[in-house]
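What follows is one structure encoded as structure tokens, with my remarks underneath.
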Amino acid sequence: MYNVTLFRKIWEPKNMVPKKYTFEELYSFLTHERKPVKKKHQVAWCPATFKAGTSKNNENCVSVNLMVIDVDGGYKFDDIHLTLQKLRLRFMMHTSFSCGADYDRFRVVMPLHSPVPADEWKFYHRGMVRWWNDYVHNNWVIPANRHKKDTDGGLKFVDTKAHDCSRGYYAGYRTEYWQSAIHLDDDGIPDWDRYAQWEKRDHYALLDQKKKEAEENRKRLESFNKNLDGKRKSYSDTRRWVYEMLKTQRDWRAILASKLSAKIVQSVDGDRAQGWTCPQCNRADATYFYLDGIANISSAKCGHLNSCGWSGSLGYLAEITGNLGGF
């Protein structure tokens, strides 16, 4: 049995319906014939569980219970179905409502050996991308009457960025391009744990390298500033110093958060400064930056992706808000 969460309306994140399905029951739910409705009114689901009485977000996620692979064109549905069969894996597939005549858009759902804690999920999803390249893309079965050179590519069309543990998916409805399939004859499950450990190892190795580089850069700039003692510092010297410190130093980023009257919120990936005013759209309900600019992205962002989508360095944010001095 697999624990999942259903949403009658994805824009109502508190209206969650926990369900427990067998693999076959989940397939029946996902492939159930539904009436065509606008996107925001479609039934959605998440292969995860959440803390009772909360809402759908990464902080409230407890565990992820199934691997969902989002394919946005590039591959043909039938080709991937045949490839996964030859690998003797247990899986289900179905096209999304955005599938078209010239491209196949579909999802592959596969079991995990056991539920994955929310804070570990990003390594499992990244591991899936590596596994897909090793076992699916490199063993991609193309019918005799077609060639790989005739396709649109492949790997780049798998959603490689959907690492968030609370990611939801529309169940959608059947269109004229509808296809679905389930394979239960084999019980094969990829070694997700091994691939996740490889991704975790590489992640922390890269993190150590970035920390070392940031520390070396900090010492170099401190030495430069020390040699300027007693001399008149130029605006560009000061500006460069603040920009670099705000890029990598947690205490500097926390000071800027305070200057901007931001709220510090804990998240799965680390503490975030939220609620400061976006310099482009002047809204404060979707802005954020991480306090740890080494382990996470260092830039500041506005989450209104469709209407704004502003992104910039913390140095620039400090400068245009009149907070470049005083650090």
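Residues in the structure tokens are named by chain (A, B, ... in the order shown) and by number from 1 within that chain; ligands are numbered from 1 in the order shown.
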*Would you list the contacts of segment 200-202 of chain A as number ranges by chain, taking every protein, DNA or RNA residue within 8 Å and counting only C-alpha atoms, but skipping same-chain residues closer than 4 positions in sequence?*
A: 123, 196, 206
Take the selection from the previous step and output its residues with C-alpha atoms, as a compact mmCIF listing (two decimals), in the first residue's frame.
# COMPACT_ATOMS: atom_id res chain seq x y z
CA PHE A 123 18.99 13.38 -3.27
CA ALA A 196 20.69 8.89 -3.69
CA LEU A 206 30.73 20.39 -3.95
*Tell me, which residues of segment 29-254 of chain A carry DSSP strand (DSSP E or B), written as JSON, numbers by chain?*
{"A": [44, 45, 46, 48, 49, 50, 61, 62, 63, 64, 65, 66, 67, 68, 69, 70, 71, 72, 89, 91, 92, 93, 94, 95, 105, 106, 107, 108, 109, 110, 111, 112, 113, 114, 115, 116, 117, 158, 169, 170, 180, 181, 182, 183, 188]}
*So which one's closest to Gly73 of chain A, A:Arg126, A:Gly53, A:Thr95, A:Tyr2? Using only C-alpha atoms, please.*
A:Thr95
Closest pair table for segment 165-263 of chain A residues within 9 Å of segment 32-49 of chain A, only C-alpha atoms, as CSV:
residue,atom,partner,partner_atom,distance
A:Cys165,CA,A:Ala48,CA,7.3
A:Ser166,CA,A:Ala48,CA,6.7
A:Arg167,CA,A:Cys46,CA,6.3
A:Gly168,CA,A:Cys46,CA,4.5
A:Tyr169,CA,A:Ala44,CA,5.4
A:Tyr170,CA,A:Ala44,CA,4.1
A:Ala171,CA,A:Ala44,CA,5.2
A:Gly172,CA,A:Gln42,CA,5.9
A:Tyr173,CA,A:Arg34,CA,5.0
A:Arg174,CA,A:Glu33,CA,6.3
A:Thr175,CA,A:Pro36,CA,8.3
Could you write out the selected residues, including N, CA and C atoms, as a PDB file, in the first residue's frame?
ATOM      1  N   CYS A 165       9.886  18.060  -2.185  1.00  0.00           N
ATOM      2  CA  CYS A 165       9.182  16.870  -1.710  1.00  0.00           C
ATOM      3  C   CYS A 165       7.665  17.014  -1.757  1.00  0.00           C
ATOM      4  N   SER A 166       7.143  18.230  -1.857  1.00  0.00           N
ATOM      5  CA  SER A 166       5.688  18.420  -1.863  1.00  0.00           C
ATOM      6  C   SER A 166       5.143  18.605  -3.281  1.00  0.00           C
ATOM      7  N   ARG A 167       5.933  18.290  -4.287  1.00  0.00           N
ATOM      8  CA  ARG A 167       5.508  18.477  -5.677  1.00  0.00           C
ATOM      9  C   ARG A 167       4.204  17.721  -5.951  1.00  0.00           C
ATOM     10  N   GLY A 168       3.235  18.437  -6.518  1.00  0.00           N
ATOM     11  CA  GLY A 168       1.963  17.825  -6.857  1.00  0.00           C
ATOM     12  C   GLY A 168       1.811  17.668  -8.360  1.00  0.00           C
ATOM     13  N   TYR A 169       0.891  16.818  -8.768  1.00  0.00           N
ATOM     14  CA  TYR A 169       0.674  16.523 -10.183  1.00  0.00           C
ATOM     15  C   TYR A 169      -0.823  16.473 -10.465  1.00  0.00           C
ATOM     16  N   TYR A 170      -1.216  17.007 -11.601  1.00  0.00           N
ATOM     17  CA  TYR A 170      -2.617  16.943 -11.996  1.00  0.00           C
ATOM     18  C   TYR A 170      -2.958  15.532 -12.474  1.00  0.00           C
ATOM     19  N   ALA A 171      -4.100  15.042 -12.021  1.00  0.00           N
ATOM     20  CA  ALA A 171      -4.587  13.766 -12.549  1.00  0.00           C
ATOM     21  C   ALA A 171      -5.121  13.970 -13.962  1.00  0.00           C
ATOM     22  N   GLY A 172      -5.618  15.172 -14.222  1.00  0.00           N
ATOM     23  CA  GLY A 172      -6.016  15.515 -15.586  1.00  0.00           C
ATOM     24  C   GLY A 172      -7.236  14.768 -16.092  1.00  0.00           C
ATOM     25  N   TYR A 173      -7.344  14.773 -17.395  1.00  0.00           N
ATOM     26  CA  TYR A 173      -8.456  14.097 -18.054  1.00  0.00           C
ATOM     27  C   TYR A 173      -7.959  13.539 -19.392  1.00  0.00           C
ATOM     28  N   ARG A 174      -8.739  12.666 -19.960  1.00  0.00           N
ATOM     29  CA  ARG A 174      -8.332  12.017 -21.214  1.00  0.00           C
ATOM     30  C   ARG A 174      -8.575  12.936 -22.414  1.00  0.00           C
ATOM     31  N   THR A 175      -7.540  13.111 -23.209  1.00  0.00           N
ATOM     32  CA  THR A 175      -7.668  13.884 -24.442  1.00  0.00           C
ATOM     33  C   THR A 175      -7.620  12.905 -25.616  1.00  0.00           C
TER      34      THR A 175
END
Please provide as a PDB file with C-alpha atoms, in the first residue's frame all residues within 12 Å of Ala300 of chain A, with the sequence filter that same-chain residues fewer than 3 positions apart are discarded (counting only C-alpha atoms).
ATOM      1  CA  LEU A 246      26.432  39.247   1.070  1.00  0.00           C
ATOM      2  CA  LYS A 247      26.919  36.462  -1.462  1.00  0.00           C
ATOM      3  CA  ARG A 253      22.758  38.054   4.974  1.00  0.00           C
ATOM      4  CA  LEU A 256      20.293  42.524   5.512  1.00  0.00           C
ATOM      5  CA  ALA A 257      17.192  40.507   6.366  1.00  0.00           C
ATOM      6  CA  ARG A 272      14.856  31.789   4.539  1.00  0.00           C
ATOM      7  CA  ALA A 273      14.272  35.524   4.807  1.00  0.00           C
ATOM      8  CA  GLN A 274      10.748  36.179   3.523  1.00  0.00           C
ATOM      9  CA  GLY A 275       8.335  39.057   3.253  1.00  0.00           C
ATOM     10  CA  TRP A 276      10.611  41.857   2.026  1.00  0.00           C
ATOM     11  CA  THR A 277       9.328  44.096  -0.765  1.00  0.00           C
ATOM     12  CA  CYS A 278      10.190  43.064  -4.313  1.00  0.00           C
ATOM     13  CA  PRO A 279      11.946  45.989  -6.070  1.00  0.00           C
ATOM     14  CA  ALA A 286       6.336  35.760  -2.303  1.00  0.00           C
ATOM     15  CA  THR A 287       9.861  37.133  -1.835  1.00  0.00           C
ATOM     16  CA  TYR A 288      12.683  35.144  -0.262  1.00  0.00           C
ATOM     17  CA  PHE A 289      16.396  34.510   0.012  1.00  0.00           C
ATOM     18  CA  TYR A 290      18.287  31.867   1.961  1.00  0.00           C
ATOM     19  CA  LEU A 291      20.533  32.834   4.852  1.00  0.00           C
ATOM     20  CA  ASP A 292      23.043  30.194   3.781  1.00  0.00           C
ATOM     21  CA  GLY A 293      24.168  31.388   0.373  1.00  0.00           C
ATOM     22  CA  ASN A 296      21.540  27.154  -1.356  1.00  0.00           C
ATOM     23  CA  ILE A 297      21.142  29.623  -4.190  1.00  0.00           C
ATOM     24  CA  GLY A 303       8.016  33.926  -6.372  1.00  0.00           C
ATOM     25  CA  GLY A 309       9.919  36.652 -11.509  1.00  0.00           C
ATOM     26  CA  TRP A 310      12.526  39.175 -10.340  1.00  0.00           C
ATOM     27  CA  SER A 311      15.876  37.751  -9.260  1.00  0.00           C
ATOM     28  CA  GLY A 312      19.049  39.523  -8.195  1.00  0.00           C
ATOM     29  CA  SER A 313      22.088  39.343  -5.952  1.00  0.00           C
ATOM     30  CA  LEU A 314      21.796  40.374  -2.314  1.00  0.00           C
ATOM     31  CA  GLY A 315      24.378  43.060  -3.007  1.00  0.00           C
ATOM     32  CA  TYR A 316      22.111  44.585  -5.637  1.00  0.00           C
ATOM     33  CA  LEU A 317      19.080  44.234  -3.353  1.00  0.00           C
ATOM     34  CA  ALA A 318      20.965  46.035  -0.572  1.00  0.00           C
TER      35      ALA A 318
END
*Leaving out segment 19-26 of chain A and any residue of its chain fewer than 4 positions from it, which residues lie within 12 Å of it when counting only C-alpha atoms, given as a ChimeraX atom specification?*
/A:1-7,30-32,45-50,65-66,90-94,109-112,171,181-184,187
*Could you pull out the alpha helix (DSSP H) residues of segment 131-273 of chain A from DSSP and send them as JSON, numbers by chain?*
{"A": [131, 192, 193, 194, 195, 196, 197, 198, 199, 200, 201, 202, 203, 204, 205, 206, 207, 208, 209, 210, 211, 212, 213, 214, 215, 216, 217, 218, 219, 220, 221, 222, 223, 224, 225, 226, 227, 235, 236, 237, 238, 239, 240, 241, 242, 243, 244, 245, 246, 247, 248, 250, 251, 252, 253, 254, 255, 256, 257, 258, 259]}
_Applying 10 Å and only C-alpha atoms, which residues near His203 of chain A remain after dropping the ones on its own chain fewer than 5 positions away? List them as an MDAnalysis selection string._
chainID A and resid 123 197:198 208:209 295
For C-alpha atoms, I'd like the residues from the last selection saved as an mmCIF file, in the first residue's frame.
data_model
loop_
_atom_site.group_PDB
_atom_site.id
_atom_site.type_symbol
_atom_site.label_atom_id
_atom_site.label_comp_id
_atom_site.auth_asym_id
_atom_site.auth_seq_id
_atom_site.Cartn_x
_atom_site.Cartn_y
_atom_site.Cartn_z
ATOM 1 C CA PHE A 123 18.986 13.376 -3.269
ATOM 2 C CA GLN A 197 23.888 8.192 -1.747
ATOM 3 C CA TRP A 198 25.983 9.020 -4.803
ATOM 4 C CA ASP A 208 32.918 21.746 0.850
ATOM 5 C CA GLN A 209 34.601 23.118 -2.255
ATOM 6 C CA ALA A 295 24.423 25.495 0.529
#
*By how many Å are atom CA of Ile264 of chain A and atom CA of Lys9 of chain A apart?*
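For atom CA of Ile264 of chain A relative to atom CA of Lys9 of chain A, the distance reads 29.0 Å.
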*Enter the distance from atom CA of Trp132 of chain A to atom CA of Ile189 of chain A, in Å, rounded to one decimal.*
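Between these atoms lies a distance of 12.7 Å.
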_Residue nearest Ala101 of chain A among A:Glu176, A:Asp271, A:Asp78, A:Asp72 (counting only C-alpha atoms)_ = A:Glu176
